[in-house]
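The file my_file_31.csv comes next; it holds CSV, C-alpha atoms and all ligand atoms.
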```csv
chain,number,residue,atom,x,y,z
A,199,MET,CA,147.9,58.8,157.3
A,200,ASN,CA,144.3,57.8,158.0
A,201,TYR,CA,142.5,59.6,155.2
A,202,GLU,CA,139.1,58.1,155.9
A,203,GLN,CA,139.1,59.1,159.5
A,204,LEU,CA,140.1,62.7,158.6
A,205,LYS,CA,137.5,63.0,155.9
A,206,THR,CA,134.7,61.5,158.1
A,207,ASN,CA,135.5,63.8,161.0
A,208,ALA,CA,135.9,66.9,158.9
A,209,SER,CA,132.6,66.2,157.1
A,210,LYS,CA,130.8,65.7,160.5
A,211,MET,CA,132.2,69.0,161.8
A,212,VAL,CA,130.5,71.0,159.0
A,213,ALA,CA,127.4,68.8,158.5
A,214,LYS,CA,124.3,70.8,157.5
A,215,GLY,CA,122.3,72.0,160.5
A,216,LYS,CA,125.4,72.0,162.7
A,217,GLY,CA,128.4,74.1,163.6
A,218,ILE,CA,131.2,74.4,166.0
A,219,LEU,CA,131.4,76.1,169.4
A,220,ALA,CA,134.7,77.9,170.0
A,221,ALA,CA,135.2,77.7,173.7
A,222,ASP,CA,139.0,77.8,173.5
A,223,GLU,CA,139.6,81.2,175.0
A,224,SER,CA,143.1,81.2,176.5
A,225,THR,CA,143.3,81.9,180.2
A,226,PRO,CA,144.1,85.6,179.6
A,227,THR,CA,141.3,86.0,177.1
A,228,CYS,CA,138.8,84.2,179.4
A,229,GLY,CA,139.9,86.6,182.1
A,230,LYS,CA,138.9,89.5,179.8
A,231,ARG,CA,135.5,88.0,179.2
A,232,PHE,CA,135.0,87.4,182.9
A,233,ASP,CA,136.1,91.0,183.7
A,234,SER,CA,133.2,92.2,181.5
A,235,ILE,CA,130.7,90.5,183.8
A,236,GLY,CA,132.6,91.2,187.1
A,237,VAL,CA,133.6,87.5,187.7
A,238,GLU,CA,137.0,86.5,188.9
A,239,SER,CA,138.9,84.2,186.5
A,240,THR,CA,139.7,81.3,188.8
A,241,GLU,CA,140.2,77.8,187.6
A,242,LEU,CA,136.9,76.7,189.3
A,243,ASN,CA,135.0,79.6,187.7
A,244,ARG,CA,136.4,78.7,184.2
A,245,ASN,CA,135.4,75.1,184.8
A,246,THR,CA,132.0,76.0,186.0
A,247,TYR,CA,131.4,78.2,182.9
A,248,ARG,CA,132.6,75.7,180.4
A,249,ASP,CA,130.5,73.0,182.2
A,250,LEU,CA,127.3,75.1,181.9
A,251,LEU,CA,127.9,75.4,178.1
A,252,PHE,CA,128.7,71.7,177.5
A,253,THR,CA,126.0,70.3,179.7
A,254,THR,CA,123.3,72.4,178.0
A,255,GLU,CA,120.6,69.9,177.2
A,256,ARG,CA,120.2,69.0,173.5
A,257,MET,CA,122.9,71.4,172.4
A,258,GLU,CA,124.2,68.5,170.3
A,259,GLU,CA,121.3,69.0,167.9
A,260,PHE,CA,123.1,72.1,166.7
A,261,ILE,CA,126.7,71.7,167.7
A,262,SER,CA,129.0,69.2,165.9
A,263,GLY,CA,132.2,70.0,167.8
A,264,VAL,CA,133.7,72.1,170.6
A,265,ILE,CA,137.1,73.8,170.5
A,266,LEU,CA,138.7,73.5,173.9
A,267,TYR,CA,141.7,75.2,175.5
A,268,ASP,CA,144.6,73.1,177.0
A,269,GLU,CA,143.3,73.7,180.5
A,270,THR,CA,139.7,72.8,179.5
A,271,LEU,CA,140.7,69.6,177.8
A,272,ARG,CA,142.1,68.5,181.2
A,273,GLN,CA,138.9,69.6,183.2
A,274,SER,CA,135.8,67.5,183.9
A,275,THR,CA,132.1,67.9,184.4
A,276,LEU,CA,131.2,69.2,187.9
A,277,ASP,CA,128.3,66.7,188.3
A,278,ASP,CA,130.2,63.4,188.0
A,279,ASN,CA,133.8,64.3,187.1
A,280,THR,CA,133.7,62.9,183.6
A,281,PRO,CA,136.6,64.5,181.5
A,282,PHE,CA,135.0,67.0,179.1
A,283,ALA,CA,136.4,65.2,176.1
A,284,ASP,CA,134.6,62.0,177.1
A,285,TYR,CA,131.5,63.8,178.1
A,286,LEU,CA,131.3,65.6,174.7
A,287,LYS,CA,132.0,62.4,172.8
A,288,SER,CA,129.1,60.6,174.7
A,289,LYS,CA,126.8,63.3,173.3
A,290,GLY,CA,128.1,62.8,169.8
A,291,VAL,CA,130.1,66.1,169.8
A,292,ILE,CA,133.7,66.0,168.6
A,293,PRO,CA,136.2,67.5,171.0
A,294,GLY,CA,138.8,69.8,169.5
A,295,ILE,CA,141.8,71.7,170.8
A,296,LYS,CA,143.4,75.1,170.2
A,297,VAL,CA,147.1,74.4,169.6
A,298,ASP,CA,148.6,77.7,168.6
A,299,MET,CA,150.5,79.7,171.2
A,300,GLY,CA,149.1,83.1,170.2
A,301,ALA,CA,149.9,85.8,167.7
A,302,LYS,CA,153.2,87.6,168.5
A,303,PRO,CA,154.7,90.8,167.0
A,304,LEU,CA,156.3,90.0,163.6
A,305,ALA,CA,160.0,91.1,163.7
A,306,LEU,CA,160.8,94.2,161.5
A,307,HIS,CA,157.1,94.6,160.7
A,308,SER,CA,155.5,97.2,162.9
A,309,GLY,CA,151.8,96.5,163.7
A,310,GLU,CA,151.8,93.0,162.3
A,311,LYS,CA,151.7,89.6,163.9
A,312,VAL,CA,152.8,86.0,163.3
A,313,THR,CA,151.3,83.1,165.1
A,314,GLU,CA,153.7,80.9,167.1
A,315,GLY,CA,153.5,77.3,168.4
A,316,LEU,CA,155.1,75.0,165.8
A,317,ASP,CA,158.0,73.9,168.1
A,318,GLY,CA,157.1,70.8,169.9
A,319,LEU,CA,153.7,70.6,168.2
A,320,ARG,CA,154.1,67.0,167.0
A,321,ASP,CA,154.5,65.8,170.6
A,322,ARG,CA,151.6,68.0,171.9
A,323,LEU,CA,149.3,66.7,169.2
A,324,GLN,CA,150.1,63.1,170.2
A,325,GLU,CA,149.1,63.9,173.7
A,326,TYR,CA,146.0,65.7,172.7
A,327,TYR,CA,144.9,62.7,170.5
A,328,LYS,CA,145.3,60.5,173.6
A,329,LEU,CA,143.2,62.9,175.6
A,330,GLY,CA,140.4,62.6,172.9
A,331,ALA,CA,140.9,65.6,170.6
A,332,ARG,CA,140.0,64.8,167.0
A,333,PHE,CA,140.4,68.2,165.5
A,334,ALA,CA,142.6,71.3,166.2
A,335,LYS,CA,142.6,75.0,165.6
A,336,TRP,CA,145.4,77.5,164.7
A,337,ARG,CA,144.5,81.2,164.3
A,338,ALA,CA,146.5,83.5,162.2
A,339,VAL,CA,145.8,87.2,162.4
A,340,ILE,CA,146.0,89.7,159.5
A,341,THR,CA,145.7,93.4,160.4
A,342,ILE,CA,144.5,96.0,157.9
A,343,GLY,CA,146.1,99.4,158.3
A,344,GLU,CA,148.3,102.0,156.6
A,345,ASP,CA,150.6,100.0,154.2
A,346,ILE,CA,149.6,96.7,155.9
A,347,PRO,CA,149.2,93.8,155.6
A,348,THR,CA,152.6,93.3,154.0
A,349,ASP,CA,153.3,90.3,151.7
A,350,ALA,CA,155.8,89.1,154.4
A,351,CYS,CA,153.0,88.9,157.1
A,352,ILE,CA,150.6,87.0,154.8
A,353,SER,CA,153.4,84.7,153.7
A,354,VAL,CA,154.7,83.7,157.2
A,355,ASN,CA,151.2,83.2,158.5
A,356,ALA,CA,150.1,81.1,155.6
A,357,HIS,CA,153.3,79.0,155.9
A,358,ALA,CA,152.8,78.4,159.6
A,359,LEU,CA,149.1,77.4,159.0
A,360,ALA,CA,150.2,74.9,156.4
A,361,ARG,CA,153.0,73.4,158.6
A,362,TYR,CA,150.5,73.1,161.5
A,363,ALA,CA,147.9,71.5,159.2
A,364,ALA,CA,150.5,68.9,158.1
A,365,LEU,CA,151.4,68.0,161.6
A,366,CYS,CA,147.7,67.6,162.6
A,367,GLN,CA,146.9,65.3,159.7
A,368,GLU,CA,150.0,63.2,160.4
A,369,ALA,CA,148.6,62.8,164.0
A,370,GLY,CA,145.0,61.9,162.8
A,371,ILE,CA,143.7,65.2,163.8
A,372,VAL,CA,141.6,67.4,161.5
A,373,PRO,CA,143.1,70.9,161.2
A,374,ILE,CA,140.9,74.0,161.4
A,375,VAL,CA,142.8,76.5,159.3
A,376,GLU,CA,141.9,79.9,160.5
A,377,PRO,CA,143.3,83.0,158.7
A,378,GLU,CA,141.5,85.9,160.3
A,379,VAL,CA,141.5,89.3,158.6
A,380,LEU,CA,140.6,91.5,161.5
A,381,MET,CA,137.5,93.8,161.4
A,382,ASP,CA,139.5,96.5,163.4
A,383,GLY,CA,139.9,99.8,161.5
A,384,ASP,CA,138.1,102.2,159.3
A,385,HIS,CA,138.8,100.4,156.0
A,386,SER,CA,136.0,99.7,153.4
A,387,ILE,CA,134.5,96.4,152.6
A,388,ASP,CA,136.5,96.6,149.3
A,389,THR,CA,139.7,96.6,151.2
A,390,CYS,CA,138.6,93.6,153.4
A,391,HIS,CA,137.6,91.8,150.2
A,392,SER,CA,140.9,92.2,148.5
A,393,VAL,CA,143.0,91.5,151.6
A,394,SER,CA,140.9,88.4,152.4
A,395,GLU,CA,141.1,87.1,148.8
A,396,LYS,CA,144.9,87.5,148.7
A,397,THR,CA,145.3,85.9,152.2
A,398,PHE,CA,143.1,82.9,151.4
A,399,ARG,CA,144.8,82.4,148.1
A,400,GLN,CA,148.2,82.3,149.7
A,401,VAL,CA,146.9,79.9,152.4
A,402,PHE,CA,145.7,77.4,149.9
A,403,ALA,CA,148.9,77.7,147.9
A,404,ASP,CA,150.9,76.9,151.0
A,405,LEU,CA,148.5,74.0,152.0
A,406,ASP,CA,149.1,72.6,148.5
A,407,THR,CA,152.9,72.9,148.9
A,408,GLN,CA,152.7,71.0,152.2
A,409,ASN,CA,150.5,68.2,150.6
A,410,ILE,CA,147.5,68.9,152.8
A,411,TYR,CA,144.6,66.5,152.3
A,412,LEU,CA,141.9,69.0,151.6
A,413,GLU,CA,139.0,66.7,152.3
A,414,GLY,CA,140.4,66.3,155.8
A,415,MET,CA,140.5,69.9,156.9
A,416,VAL,CA,138.1,72.8,157.6
A,417,LEU,CA,138.6,76.4,156.7
A,418,LYS,CA,137.7,79.0,159.4
A,419,PRO,CA,137.6,82.3,157.5
A,420,ASN,CA,136.5,85.8,158.4
A,421,MET,CA,133.5,87.2,156.6
A,422,VAL,CA,134.1,90.0,154.1
A,423,VAL,CA,132.8,93.0,156.1
A,424,SER,CA,133.3,96.8,156.4
A,425,GLY,CA,136.0,97.8,159.0
A,426,MET,CA,134.4,98.4,162.4
A,427,ASP,CA,135.0,102.1,162.2
A,428,CYS,CA,134.2,102.6,158.6
A,429,SER,CA,131.6,105.3,158.0
A,430,HIS,CA,129.7,103.1,155.5
A,431,GLN,CA,128.7,99.8,156.9
A,432,ALA,CA,127.8,97.2,154.2
A,433,GLY,CA,124.4,95.6,154.6
A,434,VAL,CA,123.6,91.9,155.1
A,435,GLU,CA,123.2,91.0,151.4
A,436,GLU,CA,126.5,92.7,150.4
A,437,VAL,CA,128.4,90.9,153.1
A,438,ALA,CA,126.9,87.6,152.1
A,439,ASP,CA,127.6,88.2,148.3
A,440,ARG,CA,131.2,89.5,148.8
A,441,THR,CA,132.0,86.7,151.2
A,442,VAL,CA,130.7,84.0,148.9
A,443,GLU,CA,132.5,85.6,145.9
A,444,CYS,CA,135.8,85.7,147.9
A,445,LEU,CA,135.5,82.1,148.9
A,446,LYS,CA,134.5,80.9,145.5
A,447,ALA,CA,137.6,82.5,144.1
A,448,THR,CA,140.0,80.8,146.6
A,449,VAL,CA,138.6,77.7,148.2
A,450,PRO,CA,139.1,74.4,146.3
A,451,SER,CA,136.0,72.2,145.9
A,452,GLU,CA,137.6,69.3,147.9
A,453,VAL,CA,137.3,71.2,151.2
A,454,PRO,CA,134.2,70.0,152.9
A,455,GLY,CA,133.3,73.2,154.6
A,456,CYS,CA,134.0,76.7,155.8
A,457,ALA,CA,133.1,77.5,159.4
A,458,PHE,CA,133.2,81.2,160.0
A,459,LEU,CA,134.6,83.0,163.0
A,460,SER,CA,132.4,85.9,164.4
A,461,GLY,CA,135.3,88.2,164.9
A,462,GLY,CA,133.5,90.9,166.9
A,463,GLN,CA,130.2,91.0,164.9
A,464,SER,CA,127.0,91.2,167.0
A,465,ASN,CA,125.2,88.0,167.7
A,466,GLU,CA,122.4,89.0,165.3
A,467,ASP,CA,124.7,90.1,162.5
A,468,ALA,CA,126.8,86.9,162.6
A,469,THR,CA,123.6,84.8,162.3
A,470,ALA,CA,122.0,87.0,159.6
A,471,HIS,CA,125.1,87.0,157.4
A,472,LEU,CA,125.5,83.3,157.6
A,473,ASN,CA,121.8,82.8,156.9
A,474,MET,CA,121.8,85.1,153.8
A,475,MET,CA,124.8,83.2,152.3
A,476,ASN,CA,123.0,79.9,152.7
A,477,ALA,CA,119.6,81.2,151.6
A,478,LYS,CA,120.9,82.9,148.5
A,479,HIS,CA,123.9,80.9,147.4
A,480,SER,CA,124.0,77.4,148.9
A,481,SER,CA,122.9,75.7,145.6
A,482,SER,CA,125.9,77.1,143.8
A,483,LEU,CA,128.5,76.1,146.4
A,484,ASP,CA,130.9,73.2,146.5
A,485,TRP,CA,131.3,73.3,150.3
A,486,ASN,CA,129.0,73.8,153.3
A,487,LEU,CA,129.0,77.1,155.1
A,488,THR,CA,128.6,77.0,158.8
A,489,PHE,CA,129.7,78.7,162.1
A,490,SER,CA,132.6,78.3,164.5
A,491,TYR,CA,131.7,81.2,166.7
A,492,GLY,CA,133.1,82.1,170.0
A,493,ARG,CA,131.7,85.5,171.1
A,494,ALA,CA,128.5,85.3,168.9
A,495,LEU,CA,127.5,82.0,170.5
A,496,GLN,CA,128.5,82.8,174.0
A,497,ALA,CA,127.9,86.5,174.7
A,498,SER,CA,124.3,86.3,175.8
A,499,ALA,CA,125.0,83.2,177.9
A,500,LEU,CA,127.9,84.8,179.6
A,501,THR,CA,125.9,87.9,180.6
A,502,ALA,CA,122.9,85.8,181.7
A,503,TRP,CA,125.2,83.7,183.9
A,504,GLY,CA,127.1,86.6,185.6
A,505,GLY,CA,129.0,84.1,187.8
A,506,ARG,CA,125.9,82.9,189.8
A,507,ASP,CA,124.8,79.3,190.1
A,508,GLU,CA,121.1,80.3,190.2
A,509,ASN,CA,121.5,81.8,186.7
A,510,ILE,CA,122.9,78.7,185.0
A,511,PRO,CA,119.5,77.6,183.6
A,512,ALA,CA,119.0,81.0,182.0
A,513,ALA,CA,122.5,81.0,180.6
A,514,GLN,CA,121.9,77.6,179.1
A,515,ASP,CA,118.7,78.8,177.6
A,516,ALA,CA,120.5,81.7,176.0
A,517,PHE,CA,123.3,79.5,174.6
A,518,TYR,CA,120.7,76.9,173.3
A,519,GLN,CA,118.8,79.7,171.6
A,520,ARG,CA,121.9,81.2,169.8
A,521,ALA,CA,123.0,77.7,168.8
A,522,LYS,CA,119.6,77.0,167.4
A,523,PHE,CA,119.4,80.2,165.4
A,524,ASN,CA,122.8,79.6,163.9
A,525,SER,CA,121.8,76.1,163.0
A,526,LEU,CA,118.8,77.5,161.2
A,527,ALA,CA,121.2,79.9,159.4
A,528,THR,CA,123.2,76.9,158.0
A,529,THR,CA,120.1,76.0,156.0
A,530,GLY,CA,119.0,79.6,155.3
A,531,THR,CA,115.9,79.2,157.4
A,532,TYR,CA,116.6,81.7,160.1
A,533,SER,CA,114.6,85.0,160.3
A,534,GLU,CA,115.1,88.1,162.4
A,535,GLU,CA,111.5,87.8,163.7
A,536,LEU,CA,112.6,84.7,165.7
A,537,GLU,CA,114.8,87.0,167.8
A,538,VAL,CA,111.8,89.1,168.9
A,539,GLU,CA,109.5,86.1,169.5
A,540,MET,CA,112.1,84.5,171.8
A,541,VAL,CA,112.7,87.6,174.0
A,601,LIG,P1,135.0,84.6,167.6
A,601,LIG,O1,133.8,84.0,166.9
A,601,LIG,O2,134.7,85.3,168.9
A,601,LIG,O3,135.7,85.5,166.7
A,601,LIG,O4,136.0,83.5,168.0
A,601,LIG,C1,136.2,82.5,167.2
A,601,LIG,C2,137.6,82.0,167.3
A,601,LIG,O5,137.8,80.8,167.6
A,601,LIG,C3,138.7,82.9,167.2
A,601,LIG,O6,139.9,82.2,167.1
```

Can you present the structure in this file as structure tokens?
Ligand code: 13P
Amino acid sequence: MNYEQLKTNASKMVAKGKGILAADESTPTCGKRFDSIGVESTELNRNTYRDLLFTTERMEEFISGVILYDETLRQSTLDDNTPFADYLKSKGVIPGIKVDMGAKPLALHSGEKVTEGLDGLRDRLQEYYKLGARFAKWRAVITIGEDIPTDACISVNAHALARYAALCQEAGIVPIVEPEVLMDGDHSIDTCHSVSEKTFRQVFADLDTQNIYLEGMVLKPNMVVSGMDCSHQAGVEEVADRTVECLKATVPSEVPGCAFLSGGQSNEDATAHLNMMNAKHSSSLDWNLTFSYGRALQASALTAWGGRDENIPAAQDAFYQRAKFNSLATTGTYSEELEVEMV
């Protein structure tokens, strides 16, 4: 195993001032996003949309890596037909790939899911490496509800994450380990806190059992937030404090960084929460805290684009702005006033 390469790439992915763009929506998920702006999800439209994101001038100032979907890794720039992986690499951005096959219903556990995709993964990783991917992503989903999550759900998902991580490291690919405790529901922030802590603890126990090289991985956790339908919504400082407390209790110091998912938070909330964590706590943390957002980096760009070529510059401006704000949040130097100034 090439420890140095894994460590170097993992550290680059979470370097201060930079974060990861999650542009790995599966074709059905991309279809849902396009539905929301009234655009048909054709292969060309998906290629055009990803092209506008990746070719945004100077986005590499803020973006260390991009997570691609299988189809996207095989697509190319519209301008000169350069494979996206090569194009990103030429900008100093590391190409990554989503390798899980989605969260499927967990047998005998109503309302819970387990992520599939381990069968044949060794061979797929070898191909992805040849195509230029140097990191991968696997998302596990933990749902909060009546009597759930069960120990069984947390256990199978943590186990799958650890087996995936081992296969990645064997292939020279940095695993992004993503245990997502969903925001859906009316649960309190206390419940999210305890479920997240239990989940992350189990994930690191399984990573340890599978001999994962912690310096060569990145954790992609949810933040500790109130359930979306909870009548009391915790404020920015409470989210930041609870999230940091939860990670300090569970994430070993060898891990170079945690890159949060946005999980349905608004653009502004996702940025403000990350900013508060770094402004208030960064001096006491062993690892960097950054972003690996999908929706919170893309929503404004997607709306600005609306499927029309003439809107591409406006969409790129919107993406650049969000990437910049989140970059500032990695050093605790973002402020809400910037949002107003830029409108
Ligand atoms: P969101 O930031 O939209 O939650 O997406 C991140 C991601 O990669 C989910 O797997």

Report task. Write out as a PyMOL selection string which residues come within 7 Å of segment 206-209 of chain A when counting all atoms listed in the file, dropping same-chain ones fewer than 6 positions away. Result -> chain A and resi 372+414-416+454

For a cut-off of 6 Å around (140.9, 69.8, 174.5), file coordinates, pick out all residues using only C-alpha atoms and list them as a PDB file with C-alpha atoms, keeping the file's coordinate frame.
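point15.pdb, written as the output of this step:
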```pdb
ATOM      1  CA  LEU A 266     138.700  73.500 173.900  1.00  0.00           C
ATOM      2  CA  TYR A 267     141.700  75.200 175.500  1.00  0.00           C
ATOM      3  CA  ASP A 268     144.600  73.100 177.000  1.00  0.00           C
ATOM      4  CA  THR A 270     139.700  72.800 179.500  1.00  0.00           C
ATOM      5  CA  LEU A 271     140.700  69.600 177.800  1.00  0.00           C
ATOM      6  CA  GLY A 294     138.800  69.800 169.500  1.00  0.00           C
ATOM      7  CA  ILE A 295     141.800  71.700 170.800  1.00  0.00           C
ATOM      8  CA  ALA A 331     140.900  65.600 170.600  1.00  0.00           C
TER       9      ALA A 331
END
```

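In this structure, atom CA of Gly315 of chain A sits 15.9 Å away from atom CA of Ala369 of chain A.
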
Chain A residues near ligand LIG 601 (chain A) within 7 Å, closest pair each, using all atoms listed in the file, as a tab-separated table:
```
residue	atom	partner	partner_atom	distance
A:Ala220	CA	A:LIG601	O5	4.9
A:Asp222	CA	A:LIG601	O5	6.7
A:Arg337	CA	A:LIG601	O6	5.5
A:Leu459	CA	A:LIG601	O1	4.1
A:Ser460	CA	A:LIG601	O1	3.4
A:Gly461	CA	A:LIG601	O3	3.3
A:Gly462	CA	A:LIG601	O3	5.8
A:Ser490	CA	A:LIG601	C1	6.2
A:Tyr491	CA	A:LIG601	O1	3.5
A:Gly492	CA	A:LIG601	O1	3.7
A:Arg493	CA	A:LIG601	O2	3.7
A:Ala494	CA	A:LIG601	O1	5.8
```

**Report entry** Point-to-point distance in Å for atom CA of Ala334 of chain A and atom CA of Asp298 of chain A
**Finding:** 9.1 Å

Requested in this report: Skip Cys228 of chain A itself and residues of its chain fewer than 2 positions away, then list as a list in words all residues within 12 Å of it, counting only C-alpha atoms.
Outcome: Ala221, Asp222, Glu223, Ser224, Thr225, Pro226, Lys230, Arg231, Phe232, Asp233, Ser234, Ile235, Val237, Glu238, Ser239, Thr240, Glu241, Asn243, Arg244, Asn245, Tyr247, Arg248, Tyr267, Glu269, Thr270, Gly492, Arg493, Gln496 and Leu500 of chain A

Requested in this report: Find the distance between atom CA of Ala516 of chain A and atom CA of Thr246 of chain A and write it in Å to one decimal.
Outcome: 16.3 Å

Query - Residue nearest Lys335 of chain A - candidates A:Lys289, A:Val422, A:Ala457, A:Leu445, atoms counted: all atoms listed in the file - result: A:Ala457

With N, CA and C atoms as the atom set, please write segment 300-321 of chain A from the structure just given, as a PDB file, in the first residue's frame.
```
ATOM      1  N   GLY A 300     -25.841   2.972  -3.835  1.00  0.00           N
ATOM      2  CA  GLY A 300     -27.067   3.520  -3.258  1.00  0.00           C
ATOM      3  C   GLY A 300     -27.517   2.802  -1.996  1.00  0.00           C
ATOM      4  N   ALA A 301     -28.373   3.497  -1.238  1.00  0.00           N
ATOM      5  CA  ALA A 301     -28.901   2.959   0.024  1.00  0.00           C
ATOM      6  C   ALA A 301     -30.196   2.195  -0.278  1.00  0.00           C
ATOM      7  N   LYS A 302     -30.235   0.935   0.128  1.00  0.00           N
ATOM      8  CA  LYS A 302     -31.377   0.061  -0.169  1.00  0.00           C
ATOM      9  C   LYS A 302     -32.046  -0.346   1.149  1.00  0.00           C
ATOM     10  N   PRO A 303     -33.346  -0.712   1.096  1.00  0.00           N
ATOM     11  CA  PRO A 303     -34.023  -1.103   2.342  1.00  0.00           C
ATOM     12  C   PRO A 303     -33.275  -2.237   3.047  1.00  0.00           C
ATOM     13  N   LEU A 304     -33.126  -2.085   4.359  1.00  0.00           N
ATOM     14  CA  LEU A 304     -32.434  -3.103   5.158  1.00  0.00           C
ATOM     15  C   LEU A 304     -33.437  -4.190   5.541  1.00  0.00           C
ATOM     16  N   ALA A 305     -33.118  -5.424   5.179  1.00  0.00           N
ATOM     17  CA  ALA A 305     -34.054  -6.532   5.423  1.00  0.00           C
ATOM     18  C   ALA A 305     -34.420  -6.646   6.898  1.00  0.00           C
ATOM     19  N   LEU A 306     -35.688  -6.859   7.165  1.00  0.00           N
ATOM     20  CA  LEU A 306     -36.231  -7.057   8.515  1.00  0.00           C
ATOM     21  C   LEU A 306     -36.134  -5.807   9.396  1.00  0.00           C
ATOM     22  N   HIS A 307     -35.842  -4.648   8.779  1.00  0.00           N
ATOM     23  CA  HIS A 307     -35.727  -3.399   9.549  1.00  0.00           C
ATOM     24  C   HIS A 307     -36.463  -2.277   8.820  1.00  0.00           C
ATOM     25  N   SER A 308     -37.747  -2.211   9.106  1.00  0.00           N
ATOM     26  CA  SER A 308     -38.598  -1.260   8.416  1.00  0.00           C
ATOM     27  C   SER A 308     -38.099   0.178   8.607  1.00  0.00           C
ATOM     28  N   GLY A 309     -38.036   0.916   7.515  1.00  0.00           N
ATOM     29  CA  GLY A 309     -37.647   2.334   7.582  1.00  0.00           C
ATOM     30  C   GLY A 309     -36.146   2.571   7.621  1.00  0.00           C
ATOM     31  N   GLU A 310     -35.361   1.495   7.559  1.00  0.00           N
ATOM     32  CA  GLU A 310     -33.897   1.682   7.623  1.00  0.00           C
ATOM     33  C   GLU A 310     -33.232   1.197   6.333  1.00  0.00           C
ATOM     34  N   LYS A 311     -32.030   1.695   6.115  1.00  0.00           N
ATOM     35  CA  LYS A 311     -31.346   1.383   4.845  1.00  0.00           C
ATOM     36  C   LYS A 311     -29.923   0.909   5.065  1.00  0.00           C
ATOM     37  N   VAL A 312     -29.440   0.152   4.097  1.00  0.00           N
ATOM     38  CA  VAL A 312     -28.020  -0.219   4.091  1.00  0.00           C
ATOM     39  C   VAL A 312     -27.480   0.080   2.695  1.00  0.00           C
ATOM     40  N   THR A 313     -26.272   0.608   2.656  1.00  0.00           N
ATOM     41  CA  THR A 313     -25.689   0.974   1.364  1.00  0.00           C
ATOM     42  C   THR A 313     -25.037  -0.244   0.733  1.00  0.00           C
ATOM     43  N   GLU A 314     -25.333  -0.441  -0.558  1.00  0.00           N
ATOM     44  CA  GLU A 314     -24.791  -1.597  -1.278  1.00  0.00           C
ATOM     45  C   GLU A 314     -23.685  -1.159  -2.245  1.00  0.00           C
ATOM     46  N   GLY A 315     -22.929  -2.147  -2.752  1.00  0.00           N
ATOM     47  CA  GLY A 315     -21.914  -1.830  -3.761  1.00  0.00           C
ATOM     48  C   GLY A 315     -20.552  -2.462  -3.524  1.00  0.00           C
ATOM     49  N   LEU A 316     -20.458  -3.368  -2.557  1.00  0.00           N
ATOM     50  CA  LEU A 316     -19.140  -3.975  -2.287  1.00  0.00           C
ATOM     51  C   LEU A 316     -18.768  -5.039  -3.320  1.00  0.00           C
ATOM     52  N   ASP A 317     -19.774  -5.763  -3.835  1.00  0.00           N
ATOM     53  CA  ASP A 317     -19.461  -6.825  -4.807  1.00  0.00           C
ATOM     54  C   ASP A 317     -18.816  -6.230  -6.052  1.00  0.00           C
ATOM     55  N   GLY A 318     -17.684  -6.744  -6.420  1.00  0.00           N
ATOM     56  CA  GLY A 318     -17.007  -6.260  -7.630  1.00  0.00           C
ATOM     57  C   GLY A 318     -16.296  -4.923  -7.460  1.00  0.00           C
ATOM     58  N   LEU A 319     -16.302  -4.400  -6.236  1.00  0.00           N
ATOM     59  CA  LEU A 319     -15.723  -3.060  -6.033  1.00  0.00           C
ATOM     60  C   LEU A 319     -14.221  -3.022  -6.319  1.00  0.00           C
ATOM     61  N   ARG A 320     -13.505  -4.116  -5.983  1.00  0.00           N
ATOM     62  CA  ARG A 320     -12.045  -4.113  -6.231  1.00  0.00           C
ATOM     63  C   ARG A 320     -11.752  -3.844  -7.708  1.00  0.00           C
ATOM     64  N   ASP A 321     -12.500  -4.512  -8.589  1.00  0.00           N
ATOM     65  CA  ASP A 321     -12.266  -4.333 -10.034  1.00  0.00           C
ATOM     66  C   ASP A 321     -12.667  -2.931 -10.488  1.00  0.00           C
TER      67      ASP A 321
END
```
